[in-house]
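All remarks here apply to the structure that follows.
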Amino acid sequence: MLFERDKWLQYGILRDEPSLVARLPETQLLEKDTLTKMLLQYPSVVLKPRNGSYGRDILFIKRSDANAYRIQNENNTVSIRDTEQLLEWFEQTIKSDEYIVQKCLQLAQIKHRPFDIRIMVQRKKGSSSTWNVTGSYAKVAAQGYQVTNVNNRPLPVLKALRLARIGDRRLLIRAEQVARLAAKRLGEHYPMLRQVGFDIAVDKKRRIWIIEGNYQPDLRPFRLMKDSSMHRRILWYKEH
């Protein structure tokens, strides 16, 4: 069963749940005026393809002083001297209807590298089934990158929180509650949906954010974890 992988559509579904609004970074469809407005509002924004995956083609735009900008894609950086030049660059480079623009979160870091948390939420067959957290791991960005990835070995979440000196099991439990609530909301919209791999961020102020939910999450990182029970549990839920 395929579900539409559209970040803008998903944002709208989650935003309809009042208890999740505060967990969603402000997001707009990318247009000249939304980009300009959000760059005035926030020190940095992130541009994401609406149907992108594996962190590809993501652009970070940071305002460096009055009106100069730095654009980062993976570990490549371009400097732009003013807003006019930025908008020219934008028109030449980006198909705007295929992107969203989002407030950039100041993610908690491990050794100056941002990380986020993948939380796997599943339910058994039958749309009345309860959503349960079946596994989690932390993904850390490579040196010089802002997008987290799992090319680095996935870390147990509690270890990542400890290394980042940002929290403990209570923070993980809160993040899991947010993921379950978001899965419930998506499940109301898609009655056949049975699994979502959420990317959950913790910022430097210990606030929990939903980055996005993946309907066909990659399970390989769970096979790499020392604790194999999560992988077994995920496979069990897929069958039942």
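Identifiers in the structure tokens: chain A, B, ... in order shown; residue index from 1 per chain; ligand index from 1 in order shown.
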
Closest atom pairs, region 97-180 of chain A residues within 9 Å of region 30-49 of chain A, only C-alpha atoms, as a Markdown table:
```
| residue | atom | partner | partner_atom | distance |
| --- | --- | --- | --- | --- |
| A:Asp97 | CA | A:Leu30 | CA | 6.5 |
| A:Glu98 | CA | A:Pro49 | CA | 5.7 |
| A:Tyr99 | CA | A:Pro49 | CA | 4.3 |
| A:Ile100 | CA | A:Leu30 | CA | 4.7 |
| A:Val101 | CA | A:Leu47 | CA | 4.6 |
| A:Gln102 | CA | A:Val46 | CA | 5.2 |
| A:Lys103 | CA | A:Val45 | CA | 4.7 |
| A:Cys104 | CA | A:Val45 | CA | 4.5 |
| A:Leu105 | CA | A:Val45 | CA | 8.3 |
```

Since we have the selection now, will you write its residues out, keeping C-alpha atoms, as a tab-separated table (two decimals), in the first residue's frame?
```tsv
chain	number	residue	atom	x	y	z
A	97	ASP	CA	6.26	24.39	-6.44
A	98	GLU	CA	8.23	21.24	-5.58
A	99	TYR	CA	9.69	22.62	-2.32
A	100	ILE	CA	8.64	23.69	1.15
A	101	VAL	CA	10.45	26.28	3.27
A	102	GLN	CA	10.74	25.63	6.99
A	103	LYS	CA	12.09	27.34	10.07
A	104	CYS	CA	15.51	25.79	10.72
A	105	LEU	CA	15.71	24.10	14.13
```

Residues near Ile71 (chain A), cut-off 8 Å, only C-alpha atoms, skip fewer than 5 positions along chain, as a short mmCIF file (atom, residue, chain, number, x, y, z; two decimals) with C-alpha atoms, in the first residue's frame:
```cif
data_model
loop_
_atom_site.label_atom_id
_atom_site.label_comp_id
_atom_site.auth_asym_id
_atom_site.auth_seq_id
_atom_site.Cartn_x
_atom_site.Cartn_y
_atom_site.Cartn_z
CA LEU A 59 19.27 23.52 1.26
CA PHE A 60 20.01 25.56 4.37
CA ILE A 61 19.92 29.35 4.06
CA LYS A 62 21.44 31.37 6.89
CA THR A 77 28.53 26.47 0.64
CA VAL A 78 27.65 29.49 -1.51
CA SER A 79 27.76 33.09 -0.25
CA ILE A 80 25.21 35.59 -1.53
#
```

Requested in this report: Write out as number ranges by chain the residues lying within 9 Å of Arg185 (chain A), counting only C-alpha atoms and excluding same-chain residues fewer than 2 positions away.
Outcome: A: 13-14, 16-17, 180-183, 187-190

Selected residues written out with N, CA and C atoms, as a short mmCIF file (atom, residue, chain, number, x, y, z; two decimals), in the first residue's frame:
```cif
data_model
loop_
_atom_site.label_atom_id
_atom_site.label_comp_id
_atom_site.auth_asym_id
_atom_site.auth_seq_id
_atom_site.Cartn_x
_atom_site.Cartn_y
_atom_site.Cartn_z
N ILE A 13 -1.97 17.72 7.46
CA ILE A 13 -2.72 16.70 8.22
C ILE A 13 -2.36 16.81 9.71
N LEU A 14 -1.07 16.90 10.01
CA LEU A 14 -0.63 16.95 11.41
C LEU A 14 -1.06 18.26 12.07
N ASP A 16 -3.68 19.87 11.67
CA ASP A 16 -5.11 19.85 12.03
C ASP A 16 -5.35 19.29 13.43
N GLU A 17 -4.34 18.70 14.02
CA GLU A 17 -4.45 18.17 15.39
C GLU A 17 -3.92 19.24 16.35
N ARG A 180 3.60 8.86 18.87
CA ARG A 180 2.36 8.06 18.88
C ARG A 180 1.16 8.91 18.51
N LEU A 181 1.12 10.12 19.06
CA LEU A 181 0.00 11.04 18.78
C LEU A 181 -0.02 11.41 17.29
N ALA A 182 1.17 11.66 16.73
CA ALA A 182 1.26 12.00 15.31
C ALA A 182 0.85 10.81 14.44
N ALA A 183 1.25 9.60 14.85
CA ALA A 183 0.86 8.40 14.09
C ALA A 183 -0.65 8.21 14.12
N GLY A 187 -2.97 8.09 10.96
CA GLY A 187 -3.78 6.87 10.80
C GLY A 187 -5.26 7.18 10.62
N GLU A 188 -5.73 8.29 11.19
CA GLU A 188 -7.12 8.71 10.98
C GLU A 188 -7.31 9.13 9.51
N HIS A 189 -6.28 9.74 8.95
CA HIS A 189 -6.35 10.20 7.56
C HIS A 189 -6.16 9.03 6.59
N TYR A 190 -5.27 8.09 6.95
CA TYR A 190 -4.99 6.92 6.11
C TYR A 190 -5.32 5.65 6.91
#
```

Polymer residues at most 7 Å from Tyr215 (chain A), only C-alpha atoms, same-chain spacing of 2 or more positions, as a tab-separated table (two decimals) with all heavy atoms, in the first residue's frame:
```tsv
chain	number	residue	atom	x	y	z
A	3	PHE	N	1.46	5.33	0.22
A	3	PHE	CA	0.86	6.57	0.71
A	3	PHE	C	1.67	7.72	0.15
A	3	PHE	O	2.88	7.61	0.00
A	3	PHE	CB	0.86	6.59	2.25
A	3	PHE	CG	0.13	5.42	2.84
A	3	PHE	CD1	0.83	4.29	3.22
A	3	PHE	CD2	-1.24	5.42	2.96
A	3	PHE	CE1	0.17	3.18	3.73
A	3	PHE	CE2	-1.91	4.32	3.48
A	3	PHE	CZ	-1.21	3.19	3.87
A	195	GLN	N	2.49	1.70	9.66
A	195	GLN	CA	3.82	2.00	10.20
A	195	GLN	C	4.24	3.40	9.76
A	195	GLN	O	3.96	3.82	8.65
A	195	GLN	CB	4.85	0.98	9.72
A	195	GLN	CG	5.04	0.96	8.20
A	195	GLN	CD	6.25	0.17	7.76
A	195	GLN	OE1	6.77	-0.67	8.50
A	195	GLN	NE2	6.72	0.42	6.55
A	196	VAL	N	4.89	4.11	10.69
A	196	VAL	CA	5.49	5.41	10.37
A	196	VAL	C	6.82	5.49	11.11
A	196	VAL	O	6.89	5.18	12.30
A	196	VAL	CB	4.62	6.61	10.82
A	196	VAL	CG1	5.15	7.91	10.20
A	196	VAL	CG2	3.15	6.43	10.46
A	197	GLY	N	7.87	5.86	10.38
A	197	GLY	CA	9.16	6.13	11.02
A	197	GLY	C	9.30	7.64	11.15
A	197	GLY	O	9.49	8.33	10.16
A	213	GLY	N	7.29	12.33	9.06
A	213	GLY	CA	7.03	10.90	9.19
A	213	GLY	C	7.25	10.21	7.86
A	213	GLY	O	6.85	10.72	6.81
A	217	PRO	N	9.81	3.46	6.03
A	217	PRO	CA	11.12	3.72	6.64
A	217	PRO	C	12.12	2.60	6.38
A	217	PRO	O	11.75	1.43	6.25
A	217	PRO	CB	10.79	3.82	8.14
A	217	PRO	CG	9.51	3.08	8.30
A	217	PRO	CD	8.76	3.19	7.02
```

Query raised in the report: So what do you get for CA of Pro154 (chain A) versus CA of Gly135 (chain A), distance-wise?
Result: 12.1 Å

Which residues of region 3-110 of chain A have any atom within 10 Å of an atom in region 159-167 of chain A when counting only C-alpha atoms, and what is the closest pair of atoms for each, with the distance in Å to one decimal? Order the rows by chain and rising number and write it as JSON lines.
```
{"residue": "A:Ala108", "atom": "CA", "partner": "A:Ala164", "partner_atom": "CA", "distance": 6.6}
{"residue": "A:Gln109", "atom": "CA", "partner": "A:Ala164", "partner_atom": "CA", "distance": 5.6}
{"residue": "A:Ile110", "atom": "CA", "partner": "A:Ala164", "partner_atom": "CA", "distance": 4.9}
```

Query raised in the report: Which residue, A:Phe90, A:Trp236, A:Phe115, A:Tyr69, has the smallest gap to Ile211 (chain A) when you use only C-alpha atoms?
Result: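 That would be A:Phe115, the residue with the smallest distance to Ile211 (chain A).
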
Requested in this report: Point out the residue among A:Met230, A:Val133, A:Leu219, A:Leu29 with the least atom-to-atom distance to Pro156 (chain A), counting only C-alpha atoms.
Outcome: A:Met230

Query raised in the report: Expressed in Å to a single decimal, how great is the separation between CA of Ser19 (chain A) and CA of Ile173 (chain A)?
Result: 16.5 Å

**Report entry** Closest of A:Val178, A:Leu86, A:Val147, A:Met120 to Ile58 (chain A) - atom-to-atom distances counting only C-alpha atoms
**Finding:**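 Counting only C-alpha atoms, the residue closest to Ile58 (chain A) is A:Val147.
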
Report task. Can you check which residues of region 100-203 of chain A DSSP gives as strand (DSSP E or B) on the backbone and send them as a PyMOL selection string? Result -> chain A and resi 100-103+107+109-110+113-122+132-141+148-149+155+195-203

Requested in this report: Identify all residues of region 2-204 of chain A in helix (DSSP H, G or I) (DSSP on the backbone) and supply them as a ChimeraX atom specification.
Outcome: /A:7-15,18-23,32-41,83-93,96-98,157-163,169-189

Query - Interatomic distance, CA of Ala175 (chain A) to CA of Leu107 (chain A) (Å, one decimal) - result: 14.3 Å

Query raised in the report: Which of these residues is nearest to Thr27 (chain A), using only C-alpha atoms: A:Asp82, A:Glu239, A:Asp116, A:Glu212?
Result: A:Glu212

Query - Residue among A:Ile210, A:Ile119, A:Val202, A:Ala141 lying closest to Phe222 (chain A), counting only C-alpha atoms - result: A:Ile119
